[in-house]
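work-v7.cif (mmCIF, C-alpha atoms)
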```cif
data_run
loop_
_atom_site.label_atom_id
_atom_site.label_comp_id
_atom_site.auth_asym_id
_atom_site.auth_seq_id
_atom_site.Cartn_x
_atom_site.Cartn_y
_atom_site.Cartn_z
CA PHE E 1 91.13 104.23 95.41
CA SER E 2 91.57 100.90 93.63
CA PHE E 3 93.78 102.32 90.88
CA SER E 4 95.96 104.16 93.39
CA ALA E 5 96.31 100.94 95.38
CA PHE E 6 97.28 99.07 92.23
CA MET E 7 100.00 101.58 91.33
CA GLU E 8 101.32 101.45 94.90
CA GLY E 9 101.56 97.67 94.72
CA VAL E 10 103.43 97.76 91.42
CA ALA E 11 105.72 100.75 91.74
CA GLY E 12 105.37 102.81 94.92
CA GLN E 13 107.67 105.84 95.42
CA GLY E 14 105.02 108.41 94.54
CA ALA E 15 103.72 106.65 91.42
CA PRO E 16 100.19 106.12 92.83
CA VAL E 17 99.73 109.78 93.69
CA ALA E 18 101.27 111.04 90.46
CA VAL E 19 99.42 108.73 88.06
CA ALA E 20 96.06 108.73 89.84
CA ALA E 21 96.10 112.52 90.30
CA ALA E 22 96.94 113.03 86.62
CA MET E 23 94.07 110.69 85.75
CA LEU E 24 91.62 112.75 87.85
CA ILE E 25 92.85 115.93 86.18
CA GLY E 26 92.09 114.32 82.83
CA LEU E 27 88.56 113.57 84.06
CA GLY E 28 87.98 117.23 84.88
CA PHE E 29 88.85 117.36 88.59
CA PRO E 30 90.30 120.64 89.88
CA PRO E 31 94.03 120.25 90.69
CA LEU E 32 93.88 120.78 94.46
CA PRO E 33 91.05 118.29 95.23
CA ALA E 34 92.65 115.76 92.86
CA ALA E 35 95.95 115.91 94.74
CA VAL E 36 94.37 115.69 98.19
CA ILE E 37 92.04 112.83 97.23
CA CYS E 38 94.91 110.78 95.82
CA LEU E 39 97.06 111.38 98.90
CA VAL E 40 94.20 110.06 101.06
CA ALA E 41 93.67 107.10 98.73
CA ASN E 42 97.32 106.08 98.95
CA THR E 43 97.10 104.68 102.49
CA PRO E 44 95.85 101.05 102.79
CA PRO E 45 98.22 99.55 100.18
CA VAL E 46 101.44 101.25 101.35
CA PRO E 47 102.84 98.49 103.65
CA PHE E 48 102.40 95.98 100.81
CA GLY E 49 103.77 98.13 98.01
CA PRO E 50 105.87 97.91 96.00
CA VAL E 51 105.54 94.11 96.23
CA GLY E 52 105.68 94.15 100.04
CA VAL E 53 109.01 95.94 100.48
CA PRO E 54 108.07 97.99 103.61
CA THR E 55 106.79 94.90 105.44
CA ILE E 56 109.78 92.84 104.31
CA MET E 57 112.10 95.59 105.56
CA MET E 58 110.46 95.52 109.00
CA SER E 59 110.96 91.76 109.05
CA THR E 60 114.62 92.13 108.07
CA VAL E 61 115.38 94.72 110.75
CA THR E 62 113.56 92.97 113.60
CA GLY E 63 114.03 89.30 112.73
CA ILE E 64 110.27 88.73 112.91
CA PRO E 65 109.24 86.37 110.07
CA ALA E 66 107.85 88.19 107.05
CA ALA E 67 104.77 85.94 107.03
CA THR E 68 103.99 86.94 110.63
CA MET E 69 104.43 90.63 109.89
CA ALA E 70 102.24 90.32 106.79
CA ARG E 71 99.40 88.75 108.79
CA ALA E 72 99.50 91.50 111.42
CA VAL E 73 99.72 94.35 108.93
CA GLY E 74 97.03 92.71 106.79
CA ILE E 75 94.57 92.94 109.68
CA ASP E 76 95.31 96.65 110.15
CA MET E 77 95.13 97.50 106.46
CA ALA E 78 91.92 95.52 105.92
CA PHE E 79 90.24 97.71 108.55
CA MET E 80 91.62 100.87 106.97
CA ALA E 81 90.46 99.76 103.51
CA LEU E 82 86.88 99.67 104.80
CA ILE E 83 86.84 103.37 105.64
CA ILE E 84 89.23 104.99 103.14
CA PRO E 85 86.96 104.87 100.01
CA PHE E 86 84.17 106.57 101.97
CA PHE E 87 86.66 108.97 103.58
CA MET E 88 87.87 109.98 100.10
CA VAL E 89 84.37 110.95 99.05
CA VAL E 90 83.89 112.89 102.29
CA VAL E 91 87.06 114.82 101.49
CA MET E 92 85.66 115.67 98.06
CA VAL E 93 81.97 116.47 98.70
CA GLY E 94 81.39 116.40 102.47
CA PHE E 95 79.81 113.82 104.76
CA LYS E 96 76.16 114.36 103.76
CA ARG E 97 76.75 113.97 100.02
CA ALA E 98 79.11 111.06 100.63
CA LEU E 99 76.29 109.05 102.23
CA GLU E 100 74.65 108.85 98.79
CA VAL E 101 77.43 106.63 97.47
CA ILE E 102 78.18 104.61 100.58
CA PRO E 103 77.12 101.32 98.88
CA ALA E 104 79.78 101.76 96.20
CA ALA E 105 82.38 102.81 98.79
CA LEU E 106 81.61 99.68 100.83
CA VAL E 107 81.93 97.44 97.78
CA ALA E 108 85.32 98.95 96.93
CA GLY E 109 86.56 98.74 100.52
CA LEU E 110 85.16 95.32 101.40
CA SER E 111 86.42 93.64 98.23
CA TYR E 112 89.88 95.19 98.67
CA GLY E 113 90.08 94.52 102.41
CA ALA E 114 88.92 90.89 102.21
CA THR E 115 91.29 90.03 99.37
CA SER E 116 94.21 91.82 101.00
CA LEU E 117 93.58 90.08 104.32
CA ALA E 118 93.36 86.65 102.72
CA LEU E 119 96.56 87.08 100.71
CA SER E 120 98.55 88.59 103.58
CA THR E 121 97.43 85.77 105.87
CA PHE E 122 98.02 82.80 103.60
CA HIS E 123 100.54 84.01 101.03
CA GLY E 124 102.76 86.80 102.31
CA PRO E 125 103.48 90.51 101.79
CA GLU E 126 104.22 90.55 98.05
CA LEU E 127 100.78 90.35 96.41
CA PRO E 128 98.06 91.91 98.62
CA ALA E 129 98.21 95.44 97.14
CA ILE E 130 98.37 94.28 93.51
CA THR E 131 95.75 91.56 93.57
CA ALA E 132 93.33 93.20 96.01
CA SER E 133 93.22 96.37 93.92
CA VAL E 134 92.34 94.44 90.75
CA VAL E 135 89.61 92.55 92.60
CA SER E 136 88.29 95.85 93.96
CA LEU E 137 88.22 97.38 90.47
CA LEU E 138 86.33 94.43 89.02
CA CYS E 139 83.83 94.25 91.88
CA LEU E 140 83.08 97.97 91.65
CA VAL E 141 82.65 97.85 87.86
CA ILE E 142 80.21 94.95 88.19
CA PHE E 143 78.35 96.65 91.05
CA ILE E 144 77.92 99.88 89.08
CA ARG E 145 76.25 97.86 86.33
CA PHE E 146 73.35 97.18 88.72
CA TRP E 147 73.41 100.23 91.00
CA GLN E 148 73.68 103.95 90.35
CA PRO E 149 73.53 106.90 92.79
CA LYS E 150 70.46 109.11 92.63
CA THR E 151 72.55 112.15 91.70
CA THR E 152 75.88 112.57 89.95
CA TRP E 153 78.40 114.98 91.43
CA THR E 154 80.26 117.23 88.99
CA PHE E 155 82.70 120.09 89.49
CA GLU E 156 82.23 123.22 87.44
CA GLU E 157 85.55 122.46 85.74
CA ASP E 158 84.28 118.94 85.04
CA LYS E 159 81.22 120.27 83.21
CA ALA E 160 83.33 122.56 81.06
CA ALA E 161 85.89 119.89 80.28
CA SER E 162 83.26 117.33 79.27
CA GLN E 163 81.78 119.51 76.53
CA GLY E 164 82.92 118.56 73.06
CA VAL E 165 85.03 115.58 74.20
CA ALA E 166 84.67 112.59 71.90
CA SER E 167 84.38 109.19 73.53
CA SER E 168 86.78 106.39 72.64
CA SER E 169 86.13 102.68 72.63
CA TYR E 170 88.64 99.85 72.71
CA SER E 171 88.31 96.20 71.80
CA ALA E 172 88.57 93.44 74.42
CA GLY E 173 91.90 92.41 72.88
CA GLN E 174 93.35 95.92 73.23
CA ILE E 175 92.21 96.15 76.84
CA PHE E 176 93.66 92.73 77.66
CA LYS E 177 96.96 93.62 76.01
CA ALA E 178 97.16 96.88 77.96
CA TRP E 179 96.63 95.02 81.25
CA SER E 180 98.85 92.06 80.32
CA PRO E 181 102.04 93.33 82.05
CA PHE E 182 100.17 93.62 85.35
CA LEU E 183 98.54 90.21 84.93
CA ILE E 184 101.95 88.71 84.21
CA LEU E 185 103.33 90.43 87.30
CA MET E 186 100.63 88.90 89.50
CA ILE E 187 101.33 85.42 88.13
CA VAL E 188 105.11 85.70 88.49
CA MET E 189 104.89 87.22 91.98
CA GLY E 190 102.43 84.49 92.94
CA ILE E 191 105.00 81.85 91.98
CA TRP E 192 107.80 83.77 93.74
CA GLY E 193 105.82 83.82 96.97
CA THR E 194 105.06 80.09 97.15
CA PRO E 195 106.87 78.02 99.82
CA THR E 196 107.85 75.49 97.15
CA PHE E 197 109.82 78.04 95.16
CA LYS E 198 111.41 79.57 98.26
CA ASN E 199 112.40 76.15 99.62
CA TYR E 200 113.95 75.26 96.26
CA ALA E 201 116.05 78.42 96.31
CA GLU E 202 117.11 77.79 99.92
CA LYS E 203 118.27 74.26 99.17
CA THR E 204 120.14 75.28 96.02
CA HIS E 205 123.02 77.32 97.44
CA HIS E 206 124.32 78.64 94.13
CA TRP E 207 121.20 80.82 93.87
CA PHE E 208 122.39 83.21 96.60
CA LEU E 209 125.45 84.79 98.13
CA ALA E 210 125.98 84.10 101.83
CA ILE E 211 128.56 85.49 104.26
CA PRO E 212 127.88 83.74 107.61
CA LYS E 213 130.25 85.98 109.59
CA TRP E 214 130.76 89.55 108.42
CA PRO E 215 134.44 90.52 108.92
CA GLY E 216 135.10 93.14 111.59
CA LEU E 217 131.54 93.09 112.98
CA ASP E 218 130.40 89.55 113.76
CA GLY E 219 130.86 88.84 117.45
CA VAL E 220 132.45 92.23 118.17
CA VAL E 221 129.34 93.75 119.76
CA PHE E 222 127.85 92.13 122.86
CA LYS E 223 124.27 92.39 124.06
CA ALA E 224 123.78 92.49 127.81
CA ALA E 225 120.97 92.73 130.34
CA PRO E 226 118.23 93.89 130.30
CA ILE E 227 118.10 93.32 126.52
CA VAL E 228 119.02 89.65 126.98
CA ALA E 229 119.05 87.40 130.02
CA LYS E 230 122.70 86.44 129.52
CA PRO E 231 125.43 88.42 127.70
CA ALA E 232 125.72 87.19 124.14
CA ALA E 233 127.62 88.15 121.02
CA TYR E 234 125.66 90.09 118.40
CA ALA E 235 125.95 88.05 115.21
CA ALA E 236 126.46 89.82 111.89
CA SER E 237 125.83 87.91 108.67
CA TYR E 238 124.78 88.71 105.13
CA LYS E 239 122.73 86.76 102.63
CA TRP E 240 121.85 88.02 99.17
CA GLN E 241 119.00 85.84 97.90
CA TRP E 242 118.83 87.44 94.50
CA LEU E 243 116.69 84.72 92.94
CA THR E 244 113.83 85.00 95.43
CA ALA E 245 114.01 88.80 95.68
CA PRO E 246 110.88 90.67 94.48
CA GLY E 247 113.06 92.76 92.18
CA THR E 248 114.13 89.65 90.29
CA ALA E 249 110.49 88.70 89.77
CA MET E 250 109.72 92.20 88.48
CA PHE E 251 112.70 92.09 86.12
CA LEU E 252 111.55 88.74 84.73
CA THR E 253 108.04 90.19 84.35
CA SER E 254 109.42 93.10 82.34
CA LEU E 255 111.20 90.72 79.95
CA ILE E 256 108.04 88.64 79.41
CA SER E 257 105.97 91.82 78.98
CA MET E 258 108.39 93.11 76.35
CA ALA E 259 107.81 89.95 74.33
CA VAL E 260 104.01 90.18 74.72
CA LEU E 261 103.89 93.87 73.77
CA GLY E 262 106.40 93.53 70.95
CA ILE E 263 109.02 95.85 72.50
CA GLY E 264 112.51 95.35 71.09
CA PRO E 265 115.71 94.91 73.16
CA ASP E 266 117.00 98.36 72.18
CA THR E 267 113.88 100.11 73.42
CA GLY E 268 113.86 97.99 76.57
CA ALA E 269 117.49 98.88 77.32
CA LYS E 270 116.79 102.60 76.80
CA VAL E 271 113.81 102.46 79.17
CA PHE E 272 115.89 100.58 81.75
CA LEU E 273 118.69 103.14 81.63
CA LYS E 274 116.24 106.05 81.78
CA THR E 275 114.49 104.50 84.77
CA PHE E 276 117.79 103.88 86.53
CA LYS E 277 118.84 107.46 85.91
CA GLN E 278 115.54 108.70 87.33
CA LEU E 279 115.85 106.55 90.47
CA ARG E 280 119.60 106.71 91.07
CA PHE E 281 119.40 109.22 93.90
CA ALA E 282 116.41 107.47 95.47
CA LEU E 283 118.35 104.20 95.44
CA VAL E 284 121.34 105.80 97.16
CA THR E 285 119.08 107.46 99.72
CA LEU E 286 117.22 104.24 100.51
CA ALA E 287 120.44 102.25 100.85
CA SER E 288 121.89 104.93 103.13
CA VAL E 289 118.82 105.01 105.36
CA ILE E 290 118.83 101.21 105.66
CA GLY E 291 122.53 101.35 106.53
CA LEU E 292 121.77 103.97 109.16
CA GLY E 293 119.12 101.70 110.63
CA PHE E 294 121.56 98.81 111.03
CA LEU E 295 124.17 101.21 112.41
CA ALA E 296 121.65 102.28 115.06
CA ASN E 297 121.10 98.62 115.94
CA TYR E 298 124.74 97.53 116.20
CA SER E 299 125.82 100.71 118.01
CA GLY E 300 123.15 100.17 120.66
CA MET E 301 121.19 103.34 119.86
CA SER E 302 117.97 101.46 119.04
CA PHE E 303 118.19 99.41 122.23
CA THR E 304 118.96 102.47 124.36
CA LEU E 305 116.06 104.43 122.90
CA GLY E 306 113.82 101.41 123.37
CA LEU E 307 114.72 101.20 127.06
CA ALA E 308 114.12 104.94 127.43
CA PHE E 309 110.69 104.75 125.82
CA ALA E 310 109.78 101.79 128.01
CA ALA E 311 110.74 103.73 131.14
CA LEU E 312 109.10 107.01 130.12
CA THR E 313 105.84 105.80 128.58
CA GLY E 314 105.20 102.50 130.31
CA MET E 315 102.04 100.71 129.24
CA ALA E 316 100.95 103.84 127.35
CA PHE E 317 103.54 103.10 124.66
CA PRO E 318 100.92 101.76 122.18
CA ILE E 319 99.71 105.36 121.90
CA PHE E 320 103.16 106.56 120.86
CA SER E 321 104.07 103.58 118.69
CA PRO E 322 102.12 104.68 115.57
CA VAL E 323 103.15 108.29 116.17
CA ILE E 324 106.81 107.25 115.90
CA GLY E 325 106.01 105.56 112.59
CA LEU E 326 104.31 108.72 111.32
CA ILE E 327 107.27 110.88 112.32
CA GLY E 328 109.63 108.49 110.54
CA VAL E 329 107.68 108.72 107.29
CA PHE E 330 107.35 112.49 107.58
CA LEU E 331 111.13 112.80 107.94
CA THR E 332 112.17 110.27 105.30
CA GLY E 333 109.17 110.19 102.95
CA SER E 334 109.18 106.37 103.02
CA VAL E 335 107.44 103.74 105.14
CA THR E 336 110.33 101.42 104.27
CA SER E 337 112.87 103.88 105.65
CA SER E 338 110.76 104.44 108.77
CA ALA E 339 110.76 100.66 109.35
CA ALA E 340 114.54 100.53 108.96
CA LEU E 341 115.07 103.42 111.40
CA PHE E 342 112.55 102.61 114.13
CA GLY E 343 111.68 98.92 113.73
CA LYS E 344 114.19 97.69 116.29
CA LEU E 345 113.24 100.45 118.73
CA GLN E 346 109.60 99.34 118.54
CA GLN E 347 110.56 95.72 119.08
CA VAL E 348 112.88 96.35 122.04
CA THR E 349 110.39 98.64 123.79
CA ALA E 350 107.61 96.06 123.48
CA MET E 351 109.85 93.31 124.85
CA GLN E 352 110.82 95.44 127.86
CA LEU E 353 107.15 96.13 128.59
CA GLY E 354 106.11 92.50 128.16
CA MET E 355 104.04 93.31 125.06
CA ASN E 356 103.79 91.48 121.78
CA PRO E 357 106.55 92.96 119.53
CA VAL E 358 104.35 92.27 116.51
CA LEU E 359 101.89 94.81 117.91
CA THR E 360 104.35 97.70 118.04
CA THR E 361 106.25 96.90 114.84
CA SER E 362 103.03 96.60 112.84
CA ALA E 363 101.82 99.81 114.52
CA ASN E 364 104.95 101.53 113.19
CA LEU E 365 103.87 100.62 109.66
CA PHE E 366 100.21 101.35 110.43
CA GLY E 367 100.92 104.84 111.75
CA GLY E 368 103.59 105.50 109.16
CA VAL E 369 101.01 105.17 106.42
CA MET E 370 99.25 108.27 107.76
CA GLY E 371 102.52 110.15 107.47
CA LYS E 372 102.36 109.75 103.70
CA LEU E 373 99.62 112.41 103.63
CA ILE E 374 101.95 115.06 105.05
CA SER E 375 105.32 113.80 103.82
CA PRO E 376 107.07 116.58 101.86
CA GLN E 377 108.11 113.98 99.27
CA SER E 378 104.53 112.82 98.66
CA ILE E 379 103.18 116.36 98.53
CA ALA E 380 105.91 117.39 96.08
CA VAL E 381 104.99 114.49 93.79
CA ALA E 382 101.29 115.41 94.00
CA CYS E 383 102.00 119.06 93.17
CA ALA E 384 104.15 118.10 90.20
CA ALA E 385 101.44 115.75 88.89
CA VAL E 386 98.63 118.32 88.99
CA GLY E 387 100.63 121.42 88.05
CA LEU E 388 100.62 123.05 91.47
CA VAL E 389 104.36 123.38 92.03
CA GLY E 390 104.85 126.16 94.55
CA HIS E 391 101.52 125.47 96.28
CA GLU E 392 102.80 122.69 98.53
CA THR E 393 101.69 124.53 101.68
CA ASP E 394 98.08 124.65 100.43
CA ILE E 395 97.99 120.87 100.12
CA PHE E 396 99.82 120.40 103.44
CA ARG E 397 97.24 122.47 105.30
CA LYS E 398 94.44 120.30 103.93
CA THR E 399 96.12 116.92 104.36
CA LEU E 400 97.39 117.65 107.88
CA LYS E 401 93.83 117.62 109.20
CA TYR E 402 93.02 114.32 107.52
CA SER E 403 96.33 112.80 108.61
CA LEU E 404 95.64 113.60 112.26
CA ILE E 405 92.06 112.26 112.04
CA LEU E 406 93.28 108.97 110.56
CA LEU E 407 96.15 108.80 113.08
CA GLY E 408 93.57 109.10 115.88
CA ILE E 409 91.69 106.13 114.40
CA VAL E 410 94.94 104.17 114.17
CA ILE E 411 95.76 104.84 117.84
CA VAL E 412 92.32 103.60 118.91
CA VAL E 413 92.76 100.40 116.87
CA VAL E 414 96.25 99.79 118.30
CA LEU E 415 94.98 100.30 121.87
CA LEU E 416 92.20 97.79 121.24
CA GLN E 417 94.74 95.30 119.93
CA ALA E 418 97.00 95.90 122.92
CA PHE E 419 94.49 95.60 125.76
CA LEU E 420 91.10 94.29 124.60
CA ILE E 421 91.68 91.96 121.65
CA PRO E 422 95.38 90.98 121.80
CA TRP E 423 94.54 87.56 120.39
CA ILE E 424 93.77 89.10 116.99
CA LEU E 425 97.49 89.57 116.23
CA PRO E 426 99.95 86.73 115.64
CA THR E 427 103.00 86.27 117.84
CA ALA E 428 106.57 85.58 116.80
CA PRO E 429 109.63 84.04 118.44
CA VAL E 430 112.04 86.54 119.96
CA ALA E 431 114.77 87.46 117.47
CA SER E 432 118.32 86.66 118.50
#
```
Could I get this structure in the form of structure tokens?
Amino acid sequence: FSFSAFMEGVAGQGAPVAVAAAMLIGLGFPPLPAAVICLVANTPPVPFGPVGVPTIMMSTVTGIPAATMARAVGIDMAFMALIIPFFMVVVMVGFKRALEVIPAALVAGLSYGATSLALSTFHGPELPAITASVVSLLCLVIFIRFWQPKTTWTFEEDKAASQGVASSSYSAGQIFKAWSPFLILMIVMGIWGTPTFKNYAEKTHHWFLAIPKWPGLDGVVFKAAPIVAKPAAYAASYKWQWLTAPGTAMFLTSLISMAVLGIGPDTGAKVFLKTFKQLRFALVTLASVIGLGFLANYSGMSFTLGLAFAALTGMAFPIFSPVIGLIGVFLTGSVTSSAALFGKLQQVTAMQLGMNPVLTTSANLFGGVMGKLISPQSIAVACAAVGLVGHETDIFRKTLKYSLILLGIVIVVVLLQAFLIPWILPTAPVAS
């Protein structure tokens, strides 16, 4: 759970499932359980990984401040972190056997959830997944030093694989060096997320590209009632804050890590080009989906759909809000893309119903996370990692059940936030 969360915070895009599943295979897990367990594990950190991009995207589309979105999503994900470690063990060995290790599951979930909640509340969306996962790992390692389960579960394949395997030991220096890139990333991202650094970049205009009025679009579209009280022009501007972007922080981290690890410029350039080649289609797809989301906003489709949902569902919309997020992730394979497509719809519907827009937009991310379990993209990555290409339907049949169970829990939480404990979520000024 903790390692999958860490990989989600650093990389995302299937890396947690692929790397964690391959790790379980190396430990002797059968391929199918390894894939399913890792898909379940890759849920709490998703809105904050990689470096908060899904939450930042929701903020960009809706105009709700990223800090406000992070606080709301942090509350949801902290609750989910409490149950996912135990849920993973239930998936593997069943409820009765899982009770034997509930202390360890609680330590992993509580340490992750508390750290994630604190960082999302007081810092922002960039660091919760990365830092909380490291804290969870350390807490669990320390806890296991003093507590052990009465029995140790092993698969038959695990017993066979463990015979004749020599153990390896590494020095503290080697371990520290191996973790150094991730430690550097946490430090750099911590600096990038401070108000002091952001204010400095805002005041120094040469650090970003700004187009206050986008030609051919700014002021061309008008918003009318019932979306706004008085007809008003729909502004269209663009600002590229490349210095404060999370990608810039990650690029700087890679340069520092190269120096620490002794990697030469030639090798670094080759890795960069290989990575770009690997992600080129994903980058085009993501940019296209984001463009489609803004097209839906400026054409009025998001507002029209929002009005329709408000009329058809009424005050029952909180039930459908996370379902829309799940459908978006199932279709696109990305919580970020789901936010770009349906974020404005969620916001408009809530405003028409007199609800807190932060409730429905965070529910879109909350429910979308459960769509990762059944997303064809995620399942394809899991199959490739464990050598089960061609068996995607086997994994889908197993994860569908768990996805629906978790979605039911999400709906209950969202309904509680909507009608019983609305004060638990922050509010935000209405976006223009």
(request) Identify all residues satisfying the PyMOL selection byres ((chain E and resi 194-201) around 12) in the given file; provide them as a ChimeraX atom specification. (result) /E:67,119,122-127,187-193,202-209,240-246,249
Convert the output of the PyMOL selection byres ((chain E and resi 139-145) around 7) on the shown file into explicit residues, formatted as an mmCIF file with C-alpha atoms, keeping the file's coordinate frame.
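The new file selection39.cif reads:
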```cif
data_model
loop_
_atom_site.group_PDB
_atom_site.id
_atom_site.type_symbol
_atom_site.label_atom_id
_atom_site.label_comp_id
_atom_site.auth_asym_id
_atom_site.auth_seq_id
_atom_site.Cartn_x
_atom_site.Cartn_y
_atom_site.Cartn_z
ATOM 1 C CA ALA E 104 79.780 101.760 96.200
ATOM 2 C CA VAL E 107 81.930 97.440 97.780
ATOM 3 C CA ALA E 108 85.320 98.950 96.930
ATOM 4 C CA SER E 111 86.420 93.640 98.230
ATOM 5 C CA VAL E 135 89.610 92.550 92.600
ATOM 6 C CA SER E 136 88.290 95.850 93.960
ATOM 7 C CA LEU E 137 88.220 97.380 90.470
ATOM 8 C CA LEU E 138 86.330 94.430 89.020
ATOM 9 C CA PHE E 146 73.350 97.180 88.720
ATOM 10 C CA TRP E 147 73.410 100.230 91.000
ATOM 11 C CA GLN E 148 73.680 103.950 90.350
#
```
Exactly which residues make up the result of the PyMOL selection byres ((chain E and resi 57-66) around 7) on this file, given as a tab-separated table (two decimals) with C-alpha atoms, in the frame of the given file?
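Contents of part.tsv, as written:
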```
chain	number	residue	atom	x	y	z
E	53	VAL	CA	109.01	95.94	100.48
E	54	PRO	CA	108.07	97.99	103.61
E	55	THR	CA	106.79	94.90	105.44
E	56	ILE	CA	109.78	92.84	104.31
E	67	ALA	CA	104.77	85.94	107.03
E	68	THR	CA	103.99	86.94	110.63
E	69	MET	CA	104.43	90.63	109.89
E	70	ALA	CA	102.24	90.32	106.79
E	336	THR	CA	110.33	101.42	104.27
E	339	ALA	CA	110.76	100.66	109.35
E	340	ALA	CA	114.54	100.53	108.96
E	343	GLY	CA	111.68	98.92	113.73
E	344	LYS	CA	114.19	97.69	116.29
E	347	GLN	CA	110.56	95.72	119.08
E	428	ALA	CA	106.57	85.58	116.80
E	431	ALA	CA	114.77	87.46	117.47
```
(request) Rank nothing, just name the residue among E:Val93, E:Val46, E:Val221, E:Ile102 nearest to Ser116 (chain E), using only C-alpha atoms. (result) E:Val46
Taking all atoms of region 101-116 of chain E that the file lists and extending 8 Å past them on each side, where is the centre of the axis-aligned box and how long are its edges? Answer in Å to one decimal, as AutoDock Vina command-line options.
```
--center_x 85.7 --center_y 98.3 --center_z 99.3 --size_x 33.1 --size_y 32.6 --size_z 22.2
```
(request) Would you mind listing what lies within 8 Å of Leu365 (chain E) as a PyMOL selection string, with only C-alpha atoms counted and same-chain residues fewer than 2 positions away left out? (result) chain E and resi 47+54-55+73+322+325+335+338-339+361-363+367-369
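Separating CA of Leu388 (chain E) from CA of Phe6 (chain E) is a distance of 24.2 Å.
Computed from the coordinates, the CA of Leu341 (chain E) to CA of Tyr298 (chain E) distance equals 12.3 Å.
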(message) Restricting the calculation to only C-alpha atoms: of E:Met355, E:Ile374, E:Leu185, E:Leu345, which residue gets closest to Ile324 (chain E)?
(response) E:Leu345
With a distance cut-off of 12 Å and all atoms listed in the file, select the neighbouring residues of Val410 (chain E), excluding the residue or stretch itself and same-chain residues fewer than 5 positions from it, and output the selection as a short mmCIF file (atom, residue, chain, number, x, y, z; two decimals) with C-alpha atoms, in the coordinates of the input.
```
data_model
loop_
_atom_site.label_atom_id
_atom_site.label_comp_id
_atom_site.auth_asym_id
_atom_site.auth_seq_id
_atom_site.Cartn_x
_atom_site.Cartn_y
_atom_site.Cartn_z
CA THR E 43 97.10 104.68 102.49
CA PRO E 44 95.85 101.05 102.79
CA ASP E 76 95.31 96.65 110.15
CA MET E 77 95.13 97.50 106.46
CA PHE E 79 90.24 97.71 108.55
CA MET E 80 91.62 100.87 106.97
CA ILE E 83 86.84 103.37 105.64
CA PRO E 318 100.92 101.76 122.18
CA ILE E 319 99.71 105.36 121.90
CA PHE E 320 103.16 106.56 120.86
CA SER E 321 104.07 103.58 118.69
CA PRO E 322 102.12 104.68 115.57
CA VAL E 323 103.15 108.29 116.17
CA GLY E 325 106.01 105.56 112.59
CA LEU E 326 104.31 108.72 111.32
CA SER E 362 103.03 96.60 112.84
CA ALA E 363 101.82 99.81 114.52
CA ASN E 364 104.95 101.53 113.19
CA LEU E 365 103.87 100.62 109.66
CA PHE E 366 100.21 101.35 110.43
CA GLY E 367 100.92 104.84 111.75
CA GLY E 368 103.59 105.50 109.16
CA VAL E 369 101.01 105.17 106.42
CA MET E 370 99.25 108.27 107.76
CA GLY E 371 102.52 110.15 107.47
CA SER E 403 96.33 112.80 108.61
CA LEU E 404 95.64 113.60 112.26
CA ILE E 405 92.06 112.26 112.04
CA LEU E 415 94.98 100.30 121.87
CA LEU E 416 92.20 97.79 121.24
CA GLN E 417 94.74 95.30 119.93
#
```
